[in-house]
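Student: A single structure is presented below for examination.
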Number of protein chains: 2
Amino acid sequence: MDIDAIHKALANPVRRQILAWLKEPEVYFAEQQHPLSLGVCAGLIDRRCALSQSTVSAHLATLLKAGLITSHRVGQWNYFKRDEATIQAFIDQMTL
Amino acid sequence: MDIDAIHKALANPVRRQILAWLKEPEVYFAEQQHPLSLGVCAGLIDRRCALSQSTVSAHLATLLKAGLITSHRVGQWNYFKRDEATIQAFIDQMTL
DNA sequence: CTTTTATATCGTAAGATCACGATATTGAAA
DNA sequence: TTTCAATATCGTGATCTTACGATATAAAAG
């Protein structure tokens with residue numbers, strides 16, 4: 001677990017917001033056709049952010065590299081979901 | 001409590017290290033003449049970091065602005081200690 | 001007063017981050 | 001195949017961060 005990468009990923013309000021949305025996908029991404037158990041596809045996350053597609057893609061890549069989310073490609077879609085194991089492990093080690 | 005400022009303050013390994021040292025001042029700053037209950041004076045923190053005096057002073061200012069530490073000037077010395085109330089409040093709200 | 005000590009602030013350069021539009025890639029559909 | 005839709009990557013400015021040495025400030029010592 002890369003503690004520094006996780007702290008840096010969390011040091012941005014857009015990325016924290018995305019993580020919060022992914023915590024309750026049924027609330028924030030109810031419009032998704034495919035089952036939410038797969039995760040949420042990038043396009044829907046894009047639409048929630050007031051940012052360009054490429055910018056949101058980069059934020060998702062940062063969260064992914066930090067291990068806070070996982071991705072799963074199905075056809076032309078890429079589904080993202082929280083990696084609860086890593087998130088919990090981070091919280092547990094976080095003595096501060 | 002400025003959540004964003006706290007996350008940004010934590011997104012740096014030197015500042016996390018300083019916070020960790022301040023958690024056990026009797027271990028890391030035993031050489032201090034004045035009582036550790038006051039806090040640890042800036043100079044001793046400087047010496048622990050492999051960084052210039054001005055850089056460490058800036059890191060302490062960042063932690064201070066985030067509310068993670070408090071400072072207390074006595075004569076020519078400035079003592080820093082963790083603000084446990086703010087730290088705990090941050091942890092408590094940190095749902096992630 | 002002048003000097004010394006402790007610390008903060010200033011100016012600046014290098015590097016990282018964030019956002020964008022344009023383009024590439026990948027898979028599905030026509 | 002050609003086209004379209006979803007997503008990633010590239011190139012590029014603008015801004016933020018980190019570090020430094022030099023200088024300023026403030027209090028104590030001489």
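Within each chain, counting starts at residue 1; across the structure tokens, chains are named A, B, ... in the order shown, with ligands numbered 1 upward in that order.
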Quick one: residues within 10 Å of Arg48 of chain A, only C-alpha atoms (C1' of nucleotides) counted, chain neighbours fewer than 5 positions away excluded, as an NGL selection string?

Tutor: :A and (17-18 or 21 or 28-29 or 43 or 56)

Student: Give me the residues near Asp92 of chain B as a PyMOL selection string, where near means some atom within 12 Å (using only C-alpha atoms (C1' of nucleotides)) and where sequence neighbours in that chain fewer than 6 positions away do not count.

Tutor: (chain A and resi 91) or (chain B and resi 1+3+84-86)

Student: Quick one: of A:Thr62, A:Gln76, A:Ser37, A:Gln53, who's nearest to chain D, counting only C-alpha atoms (C1' of nucleotides)?

Tutor: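 Smallest separation from chain D among the options: A:Gln76.
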
Student: For chain B, list the residues within 12 Å of chain A, counting only C-alpha atoms, and write the list as a short mmCIF file (atom, residue, chain, number, x, y, z; two decimals) with N, CA and C atoms, in the first residue's frame.

Tutor:
data_model
loop_
_atom_site.label_atom_id
_atom_site.label_comp_id
_atom_site.auth_asym_id
_atom_site.auth_seq_id
_atom_site.Cartn_x
_atom_site.Cartn_y
_atom_site.Cartn_z
N ASP B 2 -11.08 23.12 8.23
CA ASP B 2 -10.89 23.19 6.79
C ASP B 2 -10.36 21.85 6.28
N ILE B 3 -11.30 20.99 5.90
CA ILE B 3 -10.97 19.63 5.47
C ILE B 3 -9.95 19.62 4.34
N ASP B 4 -10.17 20.51 3.38
CA ASP B 4 -9.26 20.53 2.23
C ASP B 4 -7.84 20.91 2.65
N ALA B 5 -7.72 21.92 3.51
CA ALA B 5 -6.39 22.33 3.98
C ALA B 5 -5.72 21.20 4.75
N ILE B 6 -6.50 20.46 5.52
CA ILE B 6 -5.92 19.35 6.29
C ILE B 6 -5.42 18.26 5.35
N HIS B 7 -6.25 17.87 4.37
CA HIS B 7 -5.81 16.84 3.42
C HIS B 7 -4.53 17.28 2.70
N LYS B 8 -4.49 18.55 2.30
CA LYS B 8 -3.31 19.05 1.58
C LYS B 8 -2.09 19.07 2.48
N ALA B 9 -2.29 19.43 3.74
CA ALA B 9 -1.17 19.43 4.69
C ALA B 9 -0.62 18.02 4.87
N LEU B 10 -1.53 17.04 4.85
CA LEU B 10 -1.11 15.64 5.06
C LEU B 10 -0.49 15.03 3.82
N ALA B 11 -0.65 15.70 2.68
CA ALA B 11 -0.16 15.13 1.41
C ALA B 11 1.32 15.41 1.21
N ASN B 12 2.07 15.39 2.28
CA ASN B 12 3.52 15.61 2.19
C ASN B 12 4.20 14.79 3.27
N PRO B 13 5.17 13.97 2.91
CA PRO B 13 5.78 13.05 3.86
C PRO B 13 6.52 13.75 4.99
N VAL B 14 7.11 14.90 4.71
CA VAL B 14 7.83 15.62 5.77
C VAL B 14 6.86 16.09 6.84
N ARG B 15 5.71 16.64 6.40
CA ARG B 15 4.74 17.12 7.38
C ARG B 15 4.12 15.96 8.17
N ARG B 16 3.89 14.82 7.52
CA ARG B 16 3.37 13.66 8.26
C ARG B 16 4.40 13.19 9.28
N GLN B 17 5.68 13.24 8.89
CA GLN B 17 6.75 12.84 9.79
C GLN B 17 6.81 13.75 11.01
N ILE B 18 6.70 15.05 10.79
CA ILE B 18 6.73 16.00 11.91
C ILE B 18 5.57 15.71 12.87
N LEU B 19 4.39 15.48 12.32
CA LEU B 19 3.23 15.15 13.17
C LEU B 19 3.49 13.90 13.99
N ALA B 20 4.13 12.92 13.35
CA ALA B 20 4.42 11.66 14.05
C ALA B 20 5.44 11.90 15.17
N TRP B 21 6.46 12.69 14.90
CA TRP B 21 7.45 13.00 15.95
C TRP B 21 6.79 13.71 17.13
N LEU B 22 5.89 14.64 16.81
CA LEU B 22 5.25 15.42 17.88
C LEU B 22 4.31 14.57 18.73
N LYS B 23 4.01 13.36 18.23
CA LYS B 23 3.14 12.48 19.00
C LYS B 23 3.89 11.92 20.21
N GLU B 24 5.21 11.78 20.06
CA GLU B 24 6.03 11.27 21.16
C GLU B 24 7.25 12.17 21.35
N LEU B 68 -3.61 21.60 12.45
CA LEU B 68 -3.16 20.31 12.98
C LEU B 68 -2.20 20.49 14.15
N ILE B 69 -1.57 21.66 14.24
CA ILE B 69 -0.70 21.97 15.37
C ILE B 69 -1.02 23.39 15.86
N ARG B 82 0.93 19.20 18.76
CA ARG B 82 -0.23 18.72 18.02
C ARG B 82 -1.52 19.29 18.61
N ASP B 83 -2.47 19.59 17.75
CA ASP B 83 -3.80 19.99 18.22
C ASP B 83 -4.68 18.74 18.14
N GLU B 84 -4.67 18.00 19.25
CA GLU B 84 -5.33 16.69 19.25
C GLU B 84 -6.82 16.79 18.99
N THR B 86 -8.45 18.96 17.00
CA THR B 86 -8.68 19.09 15.56
C THR B 86 -8.36 17.77 14.84
N ILE B 87 -7.26 17.15 15.24
CA ILE B 87 -6.87 15.89 14.61
C ILE B 87 -7.97 14.84 14.80
N GLN B 88 -8.48 14.76 16.03
CA GLN B 88 -9.53 13.77 16.29
C GLN B 88 -10.80 14.11 15.52
N ALA B 89 -11.15 15.38 15.48
CA ALA B 89 -12.35 15.81 14.74
C ALA B 89 -12.21 15.47 13.26
N PHE B 90 -11.00 15.64 12.73
CA PHE B 90 -10.76 15.31 11.33
C PHE B 90 -10.95 13.81 11.10
N ILE B 91 -10.35 13.01 11.97
CA ILE B 91 -10.48 11.56 11.83
C ILE B 91 -11.95 11.15 11.92
N ASP B 92 -12.68 11.77 12.84
CA ASP B 92 -14.07 11.39 13.06
C ASP B 92 -14.94 11.67 11.83
N MET B 94 -13.87 11.81 8.84
CA MET B 94 -13.26 11.18 7.67
C MET B 94 -13.96 9.87 7.35
N THR B 95 -15.04 9.96 6.58
CA THR B 95 -15.76 8.76 6.21
C THR B 95 -14.98 8.01 5.14
N LEU B 96 -14.36 8.82 4.21
CA LEU B 96 -13.71 8.24 3.04
C LEU B 96 -14.73 7.44 2.27
#

Student: Skipping near chain neighbours, those fewer than 5 positions away, what residues fall within 9 Å of Gly75 of chain A using only C-alpha atoms (C1' of nucleotides), listed as an mmCIF file with N, CA and C atoms (P, O5', C5', C4', C3', O3' and C1' of nucleotides), in the first residue's frame?

Tutor:
data_model
loop_
_atom_site.group_PDB
_atom_site.id
_atom_site.type_symbol
_atom_site.label_atom_id
_atom_site.label_comp_id
_atom_site.auth_asym_id
_atom_site.auth_seq_id
_atom_site.Cartn_x
_atom_site.Cartn_y
_atom_site.Cartn_z
ATOM 1 P P DT C 26 -5.756 -0.502 -28.398
ATOM 2 O "O5'" DT C 26 -7.019 -1.108 -27.649
ATOM 3 C "C5'" DT C 26 -7.778 -0.317 -26.735
ATOM 4 C "C4'" DT C 26 -9.262 -0.518 -26.975
ATOM 5 C "C3'" DT C 26 -9.619 -1.799 -27.738
ATOM 6 O "O3'" DT C 26 -10.399 -2.606 -26.873
ATOM 7 C "C1'" DT C 26 -10.877 0.052 -28.505
ATOM 8 P P DG C 27 -10.727 -4.171 -27.267
ATOM 9 O "O5'" DG C 27 -12.298 -4.126 -27.508
ATOM 10 C "C5'" DG C 27 -13.120 -3.513 -26.535
ATOM 11 C "C4'" DG C 27 -14.407 -3.083 -27.191
ATOM 12 C "C3'" DG C 27 -15.124 -4.198 -27.969
ATOM 13 O "O3'" DG C 27 -16.454 -4.253 -27.502
ATOM 14 C "C1'" DG C 27 -14.959 -2.242 -29.283
ATOM 15 P P DA C 28 -17.453 -5.403 -27.998
ATOM 16 O "O5'" DA C 28 -18.519 -4.510 -28.779
ATOM 17 C "C5'" DA C 28 -19.020 -3.367 -28.086
ATOM 18 C "C4'" DA C 28 -20.012 -2.617 -28.947
ATOM 19 C "C3'" DA C 28 -21.017 -3.492 -29.698
ATOM 20 O "O3'" DA C 28 -22.269 -2.838 -29.620
ATOM 21 C "C1'" DA C 28 -19.754 -2.202 -31.245
#

Student: For chain B against chain C, with a cut-off of 8 Å and counting only C-alpha atoms (C1' of nucleotides), what is the closest atom pair and its distance in Å to one decimal for every residue that makes the cut, ordered by chain and number, as JSON lines?

Tutor:
{"residue": "B:Ala42", "atom": "CA", "partner": "C:DT7", "partner_atom": "C1'", "distance": 7.5}
{"residue": "B:Gly43", "atom": "CA", "partner": "C:DA6", "partner_atom": "C1'", "distance": 7.4}
{"residue": "B:Ser54", "atom": "CA", "partner": "C:DA8", "partner_atom": "C1'", "distance": 7.9}
{"residue": "B:Ser57", "atom": "CA", "partner": "C:DA8", "partner_atom": "C1'", "distance": 7.3}
{"residue": "B:Gln76", "atom": "CA", "partner": "C:DA6", "partner_atom": "C1'", "distance": 5.4}
{"residue": "B:Trp77", "atom": "CA", "partner": "C:DA6", "partner_atom": "C1'", "distance": 5.9}
{"residue": "B:Asn78", "atom": "CA", "partner": "C:DT7", "partner_atom": "C1'", "distance": 7.4}

Student: Quick check: residues of chain D within 9 Å of chain A, only C-alpha atoms (C1' of nucleotides), returned as a PyMOL selection string.

Tutor: chain D and resi 5-9

Student: For those residues, write N, CA and C atoms (P, O5', C5', C4', C3', O3' and C1' of nucleotides) to a file as a short mmCIF file (atom, residue, chain, number, x, y, z; two decimals), in the first residue's frame.

Tutor:
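Below you can see selection-v5.cif, which holds the result:
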data_model
loop_
_atom_site.label_atom_id
_atom_site.label_comp_id
_atom_site.auth_asym_id
_atom_site.auth_seq_id
_atom_site.Cartn_x
_atom_site.Cartn_y
_atom_site.Cartn_z
P DA D 5 -22.65 8.22 -31.99
"O5'" DA D 5 -22.24 7.43 -30.67
"C5'" DA D 5 -22.52 6.04 -30.55
"C4'" DA D 5 -21.76 5.49 -29.36
"C3'" DA D 5 -21.56 6.51 -28.24
"O3'" DA D 5 -21.78 5.85 -27.00
"C1'" DA D 5 -19.45 5.74 -28.99
P DA D 6 -21.58 6.58 -25.61
"O5'" DA D 6 -20.19 6.00 -25.10
"C5'" DA D 6 -20.09 4.62 -24.81
"C4'" DA D 6 -18.72 4.34 -24.23
"C3'" DA D 6 -18.32 5.26 -23.08
"O3'" DA D 6 -17.81 4.47 -22.03
"C1'" DA D 6 -16.67 5.31 -24.77
P DT D 7 -17.38 5.08 -20.66
"O5'" DT D 7 -15.84 5.32 -20.93
"C5'" DT D 7 -15.00 4.18 -21.11
"C4'" DT D 7 -13.63 4.60 -21.54
"C3'" DT D 7 -12.89 5.49 -20.55
"O3'" DT D 7 -11.89 4.72 -19.94
"C1'" DT D 7 -12.50 6.09 -22.83
P DA D 8 -10.80 5.33 -18.97
"O5'" DA D 8 -9.55 5.55 -19.96
"C5'" DA D 8 -9.09 4.45 -20.74
"C4'" DA D 8 -7.87 4.86 -21.54
"C3'" DA D 8 -6.77 5.54 -20.75
"O3'" DA D 8 -5.54 4.97 -21.15
"C1'" DA D 8 -7.44 6.95 -22.53
P DT D 9 -4.16 5.40 -20.51
"O5'" DT D 9 -3.60 6.47 -21.57
"C5'" DT D 9 -3.34 6.05 -22.91
"C4'" DT D 9 -2.87 7.23 -23.71
"C3'" DT D 9 -1.71 8.02 -23.06
"O3'" DT D 9 -0.71 8.15 -24.05
"C1'" DT D 9 -3.43 9.48 -23.73
#

Student: Return the single residue from B:His59, B:His72, B:Lys81, B:Lys65 that is closest to DA19 of chain D, with distances computed using only C-alpha atoms (C1' of nucleotides).

Tutor: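 Using only C-alpha atoms (C1' of nucleotides), the shortest distance to DA19 of chain D belongs to B:His59.
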
Student: Between atom CA of Phe80 of chain B and atom CA of Val40 of chain B, what is the distance in Å, rounded to a tenth?

Tutor: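 Going from atom CA of Phe80 of chain B over to atom CA of Val40 of chain B covers 5.2 Å.
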